[in-house]
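Trainee: Data: entry.cif, mmCIF, C-alpha atoms.
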data_run
loop_
_atom_site.label_atom_id
_atom_site.label_comp_id
_atom_site.auth_asym_id
_atom_site.auth_seq_id
_atom_site.Cartn_x
_atom_site.Cartn_y
_atom_site.Cartn_z
CA MET A 180 -124.65 218.55 -127.41
CA LYS A 181 -122.93 215.32 -126.47
CA ILE A 182 -125.56 212.61 -126.05
CA ALA A 183 -125.00 209.02 -124.94
CA VAL A 184 -127.61 206.73 -126.49
CA ILE A 185 -127.83 203.53 -124.48
CA GLY A 186 -129.35 200.83 -126.65
CA GLY A 187 -128.14 202.91 -129.56
CA THR A 188 -127.88 200.08 -132.09
CA GLY A 189 -131.53 198.91 -131.97
CA LEU A 190 -134.59 199.84 -134.05
CA ILE A 191 -135.17 203.21 -132.39
CA GLY A 192 -131.68 203.85 -131.04
CA SER A 193 -129.88 203.61 -134.38
CA GLN A 194 -132.32 206.09 -135.90
CA VAL A 195 -132.00 208.48 -132.94
CA VAL A 196 -128.21 208.44 -133.28
CA ALA A 197 -128.43 209.19 -137.02
CA ILE A 198 -130.92 212.04 -136.49
CA LEU A 199 -128.87 213.66 -133.73
CA ASN A 200 -125.60 213.44 -135.62
CA ALA A 201 -127.23 214.83 -138.77
CA GLY A 202 -128.40 217.74 -136.63
CA GLY A 203 -124.85 218.59 -135.58
CA HIS A 204 -124.82 216.89 -132.19
CA GLU A 205 -122.36 214.28 -131.00
CA ALA A 206 -124.48 211.19 -130.40
CA VAL A 207 -122.61 208.04 -129.39
CA PRO A 208 -124.36 204.64 -129.52
CA HIS A 209 -123.74 202.21 -126.67
CA SER A 210 -124.94 198.63 -126.38
CA GLN A 211 -123.72 195.18 -125.45
CA SER A 212 -121.99 195.06 -128.83
CA THR A 213 -119.94 198.12 -127.88
CA GLY A 214 -118.94 196.67 -124.52
CA ILE A 215 -121.47 197.98 -121.99
CA ASP A 216 -123.72 195.93 -119.73
CA VAL A 217 -126.58 197.73 -117.99
CA ILE A 218 -127.14 194.84 -115.57
CA SER A 219 -123.55 194.38 -114.34
CA GLY A 220 -122.75 198.07 -114.83
CA GLN A 221 -119.75 197.29 -117.02
CA GLY A 222 -118.64 200.31 -119.05
CA LEU A 223 -121.47 202.63 -117.96
CA ASP A 224 -119.33 205.24 -116.19
CA GLU A 225 -117.18 205.65 -119.29
CA ALA A 226 -120.18 205.66 -121.64
CA VAL A 227 -121.99 208.56 -119.97
CA ALA A 228 -119.07 210.61 -118.64
CA GLY A 229 -119.26 214.18 -119.91
CA ALA A 230 -122.57 213.67 -121.73
CA ASP A 231 -125.08 216.51 -121.68
CA ALA A 232 -127.89 213.99 -121.96
CA VAL A 233 -128.42 210.23 -121.73
CA VAL A 234 -131.11 208.53 -123.79
CA ASN A 235 -131.89 205.05 -122.47
CA LEU A 236 -133.50 202.85 -125.13
CA THR A 237 -132.48 199.48 -123.73
CA ASN A 238 -135.16 196.85 -123.47
CA SER A 239 -135.80 193.81 -121.35
CA PRO A 240 -134.81 190.57 -123.09
CA THR A 241 -138.19 189.10 -122.09
CA PHE A 242 -141.72 190.52 -121.73
CA ASP A 243 -142.62 188.29 -118.77
CA GLU A 244 -142.33 188.50 -114.98
CA ALA A 245 -138.53 188.88 -115.28
CA SER A 246 -138.87 192.30 -116.95
CA PRO A 247 -139.38 194.43 -113.80
CA ALA A 248 -136.07 193.22 -112.38
CA PHE A 249 -134.31 194.16 -115.63
CA PHE A 250 -135.62 197.72 -115.56
CA ARG A 251 -134.95 198.21 -111.84
CA THR A 252 -131.33 197.07 -112.04
CA SER A 253 -130.56 198.79 -115.34
CA MET A 254 -132.08 202.10 -114.24
CA ASP A 255 -130.32 202.04 -110.87
CA ASN A 256 -126.99 201.43 -112.60
CA LEU A 257 -127.53 204.02 -115.33
CA LEU A 258 -128.76 206.73 -112.97
CA ALA A 259 -125.77 206.17 -110.68
CA ALA A 260 -123.38 206.45 -113.62
CA ALA A 261 -125.17 209.50 -115.00
CA ARG A 262 -125.08 211.27 -111.64
CA LYS A 263 -121.37 210.53 -111.29
CA GLY A 264 -120.80 211.80 -114.83
CA GLY A 265 -122.61 215.09 -114.31
CA VAL A 266 -125.38 214.35 -116.83
CA GLY A 267 -128.06 217.05 -116.89
CA HIS A 268 -130.90 215.27 -118.72
CA PHE A 269 -132.04 211.63 -118.74
CA VAL A 270 -134.57 210.45 -121.36
CA ILE A 271 -136.47 207.16 -121.64
CA LEU A 272 -139.01 205.77 -124.09
CA SER A 273 -142.18 204.22 -122.64
CA ILE A 274 -145.68 203.24 -123.78
CA VAL A 275 -148.90 205.24 -124.00
CA GLY A 276 -151.35 203.76 -121.51
CA ALA A 277 -148.79 201.54 -119.80
CA ASP A 278 -150.16 202.49 -116.38
CA GLN A 279 -153.65 201.42 -117.47
CA VAL A 280 -152.76 197.79 -118.22
CA PRO A 281 -151.42 196.33 -114.95
CA GLU A 282 -152.35 192.85 -116.15
CA LEU A 283 -149.29 192.83 -118.43
CA ASP A 284 -145.95 192.17 -116.71
CA TYR A 285 -144.05 194.21 -119.29
CA TYR A 286 -146.30 197.25 -118.96
CA ARG A 287 -145.94 197.15 -115.18
CA ALA A 288 -142.18 196.99 -115.72
CA LYS A 289 -142.24 200.09 -117.93
CA VAL A 290 -144.23 201.99 -115.29
CA LEU A 291 -141.62 200.92 -112.72
CA GLN A 292 -138.92 202.31 -115.02
CA GLU A 293 -140.78 205.61 -115.25
CA ASP A 294 -141.21 205.79 -111.48
CA ILE A 295 -137.52 205.11 -110.83
CA LEU A 296 -136.55 207.87 -113.25
CA ALA A 297 -139.00 210.39 -111.80
CA ALA A 298 -137.79 209.69 -108.27
CA GLY A 299 -134.13 209.87 -109.28
CA PRO A 300 -131.55 212.65 -108.96
CA ILE A 301 -131.44 213.85 -112.59
CA PRO A 302 -133.78 216.14 -114.58
CA TYR A 303 -135.69 213.83 -116.90
CA SER A 304 -138.08 213.36 -119.80
CA ILE A 305 -140.37 210.41 -120.54
CA VAL A 306 -141.56 209.92 -124.12
CA ARG A 307 -144.55 207.59 -124.27
CA ALA A 308 -145.33 206.19 -127.73
CA THR A 309 -148.22 204.15 -129.05
CA GLN A 310 -147.63 200.76 -130.69
CA PHE A 311 -144.95 200.69 -133.41
CA MET A 312 -146.09 199.90 -136.95
CA GLU A 313 -143.02 197.66 -137.23
CA PHE A 314 -144.46 195.31 -134.57
CA MET A 315 -147.53 194.24 -136.56
CA ASP A 316 -145.82 191.18 -138.05
CA ALA A 317 -144.96 189.98 -134.55
CA VAL A 318 -148.51 190.62 -133.33
CA LEU A 319 -149.89 188.59 -136.22
CA SER A 320 -147.49 185.73 -135.51
CA TRP A 321 -148.57 185.37 -131.86
CA THR A 322 -152.04 184.05 -132.69
CA ALA A 323 -151.58 182.63 -136.18
CA ASP A 324 -153.04 179.16 -136.65
CA GLY A 325 -153.05 177.62 -140.09
CA ASP A 326 -155.27 179.69 -142.36
CA SER A 327 -156.36 182.20 -139.75
CA VAL A 328 -155.09 184.81 -137.31
CA ARG A 329 -157.09 185.61 -134.19
CA LEU A 330 -157.06 189.21 -132.97
CA PRO A 331 -159.14 191.27 -130.57
CA ALA A 332 -160.73 194.55 -131.67
CA THR A 333 -158.54 196.53 -129.25
CA PRO A 334 -158.15 200.15 -130.46
CA ILE A 335 -154.57 200.78 -131.65
CA GLN A 336 -152.98 204.05 -132.85
CA PRO A 337 -149.88 202.82 -134.72
CA ILE A 338 -146.81 205.02 -135.08
CA ALA A 339 -143.81 204.58 -137.39
CA SER A 340 -140.47 203.99 -135.68
CA LYS A 341 -138.91 206.87 -137.64
CA ASP A 342 -141.48 209.23 -136.10
CA VAL A 343 -140.71 207.85 -132.64
CA ALA A 344 -137.00 208.41 -133.23
CA ASN A 345 -137.59 211.99 -134.34
CA ALA A 346 -139.65 212.70 -131.22
CA VAL A 347 -137.03 211.17 -128.92
CA ALA A 348 -134.24 213.18 -130.58
CA GLU A 349 -136.27 216.39 -130.26
CA VAL A 350 -136.91 215.81 -126.57
CA ALA A 351 -133.30 214.82 -125.90
CA THR A 352 -131.99 218.12 -127.27
CA GLY A 353 -134.54 220.25 -125.43
CA ALA A 354 -134.96 221.23 -121.81
CA PRO A 355 -135.96 218.38 -119.47
CA LEU A 356 -139.73 217.96 -119.30
CA ASN A 357 -139.66 216.53 -115.78
CA GLY A 358 -142.77 214.81 -116.99
CA ILE A 359 -144.29 212.85 -119.87
CA ARG A 360 -144.84 213.61 -123.56
CA ASN A 361 -147.24 211.29 -125.39
CA ILE A 362 -146.71 210.67 -129.10
CA ALA A 363 -149.01 208.70 -131.38
CA GLY A 364 -149.78 207.89 -134.98
CA PRO A 365 -152.41 209.92 -136.85
CA GLU A 366 -155.04 207.14 -137.10
CA ILE A 367 -156.84 204.72 -134.79
CA PHE A 368 -157.76 201.20 -135.91
CA PRO A 369 -159.32 198.17 -134.21
CA LEU A 370 -156.44 195.69 -134.03
CA ASP A 371 -158.36 193.05 -135.97
CA GLU A 372 -158.98 195.51 -138.80
CA LEU A 373 -155.31 196.53 -138.76
CA GLY A 374 -154.47 192.86 -139.16
CA ARG A 375 -156.76 192.56 -142.19
CA ILE A 376 -155.20 195.66 -143.80
CA THR A 377 -151.70 194.29 -143.19
CA LEU A 378 -152.39 190.82 -144.59
CA SER A 379 -154.22 192.23 -147.62
CA HIS A 380 -151.28 194.48 -148.46
CA LYS A 381 -148.90 191.51 -148.28
CA GLY A 382 -151.15 189.37 -150.49
CA ASP A 383 -151.58 187.01 -147.53
CA ASN A 384 -154.87 185.12 -147.85
CA ARG A 385 -155.22 184.16 -144.20
CA THR A 386 -158.44 185.23 -142.49
CA VAL A 387 -158.45 187.46 -139.43
CA VAL A 388 -160.95 186.16 -136.89
CA THR A 389 -162.10 188.67 -134.31
CA ASP A 390 -161.47 187.05 -130.92
CA PRO A 391 -161.64 189.17 -127.75
CA THR A 392 -159.58 186.56 -125.87
CA ALA A 393 -156.67 186.29 -128.33
CA GLY A 394 -153.12 187.45 -127.71
CA MET A 395 -151.48 189.98 -125.44
CA PHE A 396 -153.84 192.84 -126.24
CA ALA A 397 -156.90 190.87 -125.12
CA VAL A 398 -156.43 192.15 -121.56
CA VAL A 399 -156.51 195.81 -122.63
CA LYS A 400 -159.72 197.55 -121.57
CA GLY A 401 -161.21 200.23 -123.82
CA ASP A 402 -159.04 202.68 -125.72
CA VAL A 403 -156.25 203.20 -123.16
CA LEU A 404 -153.53 202.45 -125.75
CA THR A 405 -154.62 205.46 -127.81
CA ASP A 406 -154.42 209.20 -127.16
CA THR A 407 -156.06 211.72 -129.47
CA ASP A 408 -154.48 214.54 -127.44
CA ALA A 409 -150.94 213.25 -128.01
CA HIS A 410 -148.39 214.86 -130.29
CA LEU A 411 -149.52 213.24 -133.55
CA ALA A 412 -146.88 211.90 -135.94
CA PRO A 413 -147.28 212.41 -139.71
CA THR A 414 -146.90 208.87 -141.09
CA ARG A 415 -150.16 207.09 -141.94
CA TYR A 416 -150.27 203.29 -141.87
CA ALA A 417 -151.09 202.88 -145.57
CA ASP A 418 -148.15 205.09 -146.50
CA TRP A 419 -145.85 203.15 -144.18
CA LEU A 420 -146.98 199.84 -145.73
CA SER A 421 -146.28 201.09 -149.23
#
Let me see the structure of the file written as structure tokens.

Mentor:
Amino acid sequence: MKIAVIGGTGLIGSQVVAILNAGGHEAVPHSQSTGIDVISGQGLDEAVAGADAVVNLTNSPTFDEASPAFFRTSMDNLLAAARKGGVGHFVILSIVGADQVPELDYYRAKVLQEDILAAGPIPYSIVRATQFMEFMDAVLSWTADGDSVRLPATPIQPIASKDVANAVAEVATGAPLNGIRNIAGPEIFPLDELGRITLSHKGDNRTVVTDPTAGMFAVVKGDVLTDTDAHLAPTRYADWLS
């Protein structure tokens, strides 16, 4: 298959391209560095022309109230180009539980992206993943203060980016789902405990203070960011850390 991977030079995209090409497909990475612009539409027609599938892994440059506009414009432009180019399958990556956390601008933006795709003219697949293991350092940095890090006990089911990339590549080469596939890591942790495990592994002596009001995940209610019925990835957090 010929597959255009938009956002194909990022954390997930670069791995998806490598997996697809190793599997005998022709996966071509596209990003701003290769001359496309999903907001202006520059280069999109050429990028997707003749592709059997398009995988859109682009991300909003901010996680705030500007993110819905990014996803609306980028999806409108990409779907128009894909329709013109005769693309038969359009894949995006979203977040498990995104529709359950309307308090977060970015999660609302991802749900908007899903809705635009589902209402569009092209057979589609949505892969929803739980939180990436690679994001823990960023999560810790948001609420770090001197000798401590404040984190809520929000349940998290971390997944390795390589497992996300494998799932996206598998879906991209299959028949369109015209629906959602949830993928998740094999273990669930309270976020504060995950923070303690991470700092301990790094030899970082800072203390994790459990604070239900701290950071982005404080607004999450219950266990909506986890899914025990999802397709479970093999990589455990301790193995990923090591």

Trainee: Write out as a VMD selection string the residues lying within 7 Å of region 323-332 of chain A, counting all atoms listed in the file and excluding same-chain residues fewer than 6 positions away.

Mentor: chain A and resid 369 to 371 385 to 394 397

Trainee: With C-alpha atoms kept, could you save the residues just selected as a PDB file, keeping the file's coordinate frame?

Mentor:
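The resulting file, again.pdb, is shown below:
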ATOM      1  CA  PRO A 369    -159.320 198.170-134.210  1.00  0.00           C
ATOM      2  CA  LEU A 370    -156.440 195.690-134.030  1.00  0.00           C
ATOM      3  CA  ASP A 371    -158.360 193.050-135.970  1.00  0.00           C
ATOM      4  CA  ARG A 385    -155.220 184.160-144.200  1.00  0.00           C
ATOM      5  CA  THR A 386    -158.440 185.230-142.490  1.00  0.00           C
ATOM      6  CA  VAL A 387    -158.450 187.460-139.430  1.00  0.00           C
ATOM      7  CA  VAL A 388    -160.950 186.160-136.890  1.00  0.00           C
ATOM      8  CA  THR A 389    -162.100 188.670-134.310  1.00  0.00           C
ATOM      9  CA  ASP A 390    -161.470 187.050-130.920  1.00  0.00           C
ATOM     10  CA  PRO A 391    -161.640 189.170-127.750  1.00  0.00           C
ATOM     11  CA  THR A 392    -159.580 186.560-125.870  1.00  0.00           C
ATOM     12  CA  ALA A 393    -156.670 186.290-128.330  1.00  0.00           C
ATOM     13  CA  GLY A 394    -153.120 187.450-127.710  1.00  0.00           C
ATOM     14  CA  ALA A 397    -156.900 190.870-125.120  1.00  0.00           C
TER      15      ALA A 397
END

Trainee: How many Å lie between CA of Gln279 (chain A) and CA of Pro300 (chain A), rounded to one decimal?

Mentor: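 One can read the CA of Gln279 (chain A) to CA of Pro300 (chain A) distance as 26.2 Å.
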
Trainee: Could you tell me how far CA of Val217 (chain A) lies from CA of Ser253 (chain A), in Å and to one decimal?

Mentor: 4.9 Å

Trainee: For CA of Ala260 (chain A) and CA of Val233 (chain A), quote the distance in Å rounded to one decimal.

Mentor: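 One can read the CA of Ala260 (chain A) to CA of Val233 (chain A) distance as 10.3 Å.
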
Trainee: Carefully work through the PyMOL selection byres ((chain A and resi 274-276) around 6) for this structure and note down the residues it includes, as a count of residues only.

Mentor: 9

Trainee: Do a neighbour search on Ala197 (chain A) at 12 Å with all atoms listed in the file, toss out local chain neighbours closer than 5 positions, and write the hits as a PyMOL selection string.

Mentor: chain A and resi 182+184+187-192+202-208+341+344-345+347-348

Trainee: Quick one: of A:Val266, A:Val306, A:Ala183, A:Met254, who's nearest to Ala226 (chain A), counting all atoms listed in the file?

Mentor: A:Ala183

Trainee: So, counting all atoms listed in the file, which residue among A:Ser340, A:Asn256, A:Ser239, A:Thr352 is closest to Gly220 (chain A)?

Mentor: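 Answer, going by the shortest atom-to-atom distance: A:Asn256.
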
Trainee: Could region 263-291 of chain A be written out with N, CA, C and O atoms, as a JSON list (two decimals), in the first residue's frame, please?

Mentor:
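As a result, selection32.json now contains:
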[["chain", "number", "residue", "atom", "x", "y", "z"],
["A", 263, "LYS", "N", -10.08, 14.59, -3.09],
["A", 263, "LYS", "CA", -9.62, 14.92, -4.45],
["A", 263, "LYS", "C", -8.63, 13.87, -4.95],
["A", 263, "LYS", "O", -8.61, 13.54, -6.14],
["A", 264, "GLY", "N", -7.82, 13.34, -4.01],
["A", 264, "GLY", "CA", -6.78, 12.38, -4.40],
["A", 264, "GLY", "C", -7.25, 10.94, -4.46],
["A", 264, "GLY", "O", -6.45, 10.04, -4.72],
["A", 265, "GLY", "N", -8.54, 10.70, -4.19],
["A", 265, "GLY", "CA", -9.07, 9.35, -4.28],
["A", 265, "GLY", "C", -8.65, 8.42, -3.15],
["A", 265, "GLY", "O", -8.62, 7.19, -3.31],
["A", 266, "VAL", "N", -8.34, 8.99, -1.99],
["A", 266, "VAL", "CA", -7.90, 8.19, -0.84],
["A", 266, "VAL", "C", -9.07, 7.36, -0.32],
["A", 266, "VAL", "O", -10.19, 7.85, -0.18],
["A", 267, "GLY", "N", -8.81, 6.09, 0.01],
["A", 267, "GLY", "CA", -9.87, 5.19, 0.44],
["A", 267, "GLY", "C", -9.95, 4.93, 1.93],
["A", 267, "GLY", "O", -10.86, 4.24, 2.40],
["A", 268, "HIS", "N", -9.01, 5.49, 2.72],
["A", 268, "HIS", "CA", -9.00, 5.22, 4.16],
["A", 268, "HIS", "C", -8.27, 6.37, 4.85],
["A", 268, "HIS", "O", -7.15, 6.73, 4.47],
["A", 269, "PHE", "N", -8.88, 6.93, 5.87],
["A", 269, "PHE", "CA", -8.31, 8.07, 6.60],
["A", 269, "PHE", "C", -8.25, 7.69, 8.07],
["A", 269, "PHE", "O", -9.26, 7.35, 8.67],
["A", 270, "VAL", "N", -7.05, 7.76, 8.67],
["A", 270, "VAL", "CA", -6.82, 7.31, 10.04],
["A", 270, "VAL", "C", -6.34, 8.48, 10.90],
["A", 270, "VAL", "O", -5.47, 9.25, 10.47],
["A", 271, "ILE", "N", -6.90, 8.59, 12.11],
["A", 271, "ILE", "CA", -6.36, 9.56, 13.08],
["A", 271, "ILE", "C", -6.08, 8.87, 14.40],
["A", 271, "ILE", "O", -6.62, 7.79, 14.69],
["A", 272, "LEU", "N", -5.27, 9.51, 15.22],
["A", 272, "LEU", "CA", -4.96, 9.05, 16.56],
["A", 272, "LEU", "C", -5.60, 10.00, 17.56],
["A", 272, "LEU", "O", -5.41, 11.22, 17.48],
["A", 273, "SER", "N", -6.38, 9.45, 18.50],
["A", 273, "SER", "CA", -7.05, 10.27, 19.50],
["A", 273, "SER", "C", -6.75, 9.70, 20.89],
["A", 273, "SER", "O", -5.77, 8.97, 21.07],
["A", 274, "ILE", "N", -7.58, 10.04, 21.86],
["A", 274, "ILE", "CA", -7.29, 9.76, 23.27],
["A", 274, "ILE", "C", -8.44, 8.99, 23.91],
["A", 274, "ILE", "O", -9.61, 9.40, 23.80],
["A", 275, "VAL", "N", -8.13, 7.89, 24.57],
["A", 275, "VAL", "CA", -9.14, 7.16, 25.33],
["A", 275, "VAL", "C", -9.79, 8.10, 26.36],
["A", 275, "VAL", "O", -9.09, 8.78, 27.11],
["A", 276, "GLY", "N", -11.11, 8.15, 26.35],
["A", 276, "GLY", "CA", -11.83, 8.96, 27.32],
["A", 276, "GLY", "C", -11.93, 10.43, 26.98],
["A", 276, "GLY", "O", -12.43, 11.22, 27.80],
["A", 277, "ALA", "N", -11.46, 10.83, 25.80],
["A", 277, "ALA", "CA", -11.46, 12.26, 25.46],
["A", 277, "ALA", "C", -12.84, 12.88, 25.58],
["A", 277, "ALA", "O", -12.99, 14.03, 26.03],
["A", 278, "ASP", "N", -13.87, 12.13, 25.22],
["A", 278, "ASP", "CA", -15.23, 12.65, 25.26],
["A", 278, "ASP", "C", -15.78, 12.74, 26.68],
["A", 278, "ASP", "O", -16.86, 13.30, 26.89],
["A", 279, "GLN", "N", -15.04, 12.22, 27.65],
["A", 279, "GLN", "CA", -15.49, 12.24, 29.05],
["A", 279, "GLN", "C", -14.84, 13.36, 29.86],
["A", 279, "GLN", "O", -15.11, 13.48, 31.07],
["A", 280, "VAL", "N", -14.00, 14.17, 29.21],
["A", 280, "VAL", "CA", -13.31, 15.25, 29.93],
["A", 280, "VAL", "C", -13.51, 16.58, 29.20],
["A", 280, "VAL", "O", -12.56, 17.18, 28.69],
["A", 281, "PRO", "N", -14.76, 17.05, 29.13],
["A", 281, "PRO", "CA", -15.02, 18.29, 28.38],
["A", 281, "PRO", "C", -14.40, 19.52, 29.02],
["A", 281, "PRO", "O", -14.31, 20.57, 28.39],
["A", 282, "GLU", "N", -13.93, 19.38, 30.26],
["A", 282, "GLU", "CA", -13.30, 20.52, 30.93],
["A", 282, "GLU", "C", -11.97, 20.90, 30.29],
["A", 282, "GLU", "O", -11.49, 22.02, 30.47],
["A", 283, "LEU", "N", -11.36, 19.98, 29.56],
["A", 283, "LEU", "CA", -10.05, 20.25, 28.95],
["A", 283, "LEU", "C", -10.23, 20.69, 27.49],
["A", 283, "LEU", "O", -10.80, 19.95, 26.69],
["A", 284, "ASP", "N", -9.73, 21.87, 27.17],
["A", 284, "ASP", "CA", -9.84, 22.40, 25.80],
["A", 284, "ASP", "C", -9.31, 21.40, 24.78],
["A", 284, "ASP", "O", -9.92, 21.18, 23.73],
["A", 285, "TYR", "N", -8.14, 20.81, 25.07],
["A", 285, "TYR", "CA", -7.49, 19.94, 24.10],
["A", 285, "TYR", "C", -8.30, 18.67, 23.87],
["A", 285, "TYR", "O", -8.40, 18.18, 22.74],
["A", 286, "TYR", "N", -8.90, 18.13, 24.92],
["A", 286, "TYR", "CA", -9.71, 16.93, 24.75],
["A", 286, "TYR", "C", -10.96, 17.24, 23.95],
["A", 286, "TYR", "O", -11.38, 16.43, 23.10],
["A", 287, "ARG", "N", -11.57, 18.38, 24.18],
["A", 287, "ARG", "CA", -12.71, 18.80, 23.36],
["A", 287, "ARG", "C", -12.29, 18.94, 21.90],
["A", 287, "ARG", "O", -13.04, 18.57, 20.99],
["A", 288, "ALA", "N", -11.09, 19.44, 21.69],
["A", 288, "ALA", "CA", -10.58, 19.60, 20.32],
["A", 288, "ALA", "C", -10.39, 18.25, 19.64],
["A", 288, "ALA", "O", -10.68, 18.10, 18.45],
["A", 289, "LYS", "N", -9.91, 17.25, 20.38],
["A", 289, "LYS", "CA", -9.73, 15.92, 19.79],
["A", 289, "LYS", "C", -11.08, 15.28, 19.46],
["A", 289, "LYS", "O", -11.21, 14.59, 18.44],
["A", 290, "VAL", "N", -12.08, 15.50, 20.30],
["A", 290, "VAL", "CA", -13.42, 14.99, 19.99],
["A", 290, "VAL", "C", -13.96, 15.68, 18.73],
["A", 290, "VAL", "O", -14.59, 15.03, 17.88],
["A", 291, "LEU", "N", -13.73, 16.97, 18.60],
["A", 291, "LEU", "CA", -14.12, 17.69, 17.39],
["A", 291, "LEU", "C", -13.45, 17.07, 16.17],
["A", 291, "LEU", "O", -14.10, 16.86, 15.12]]
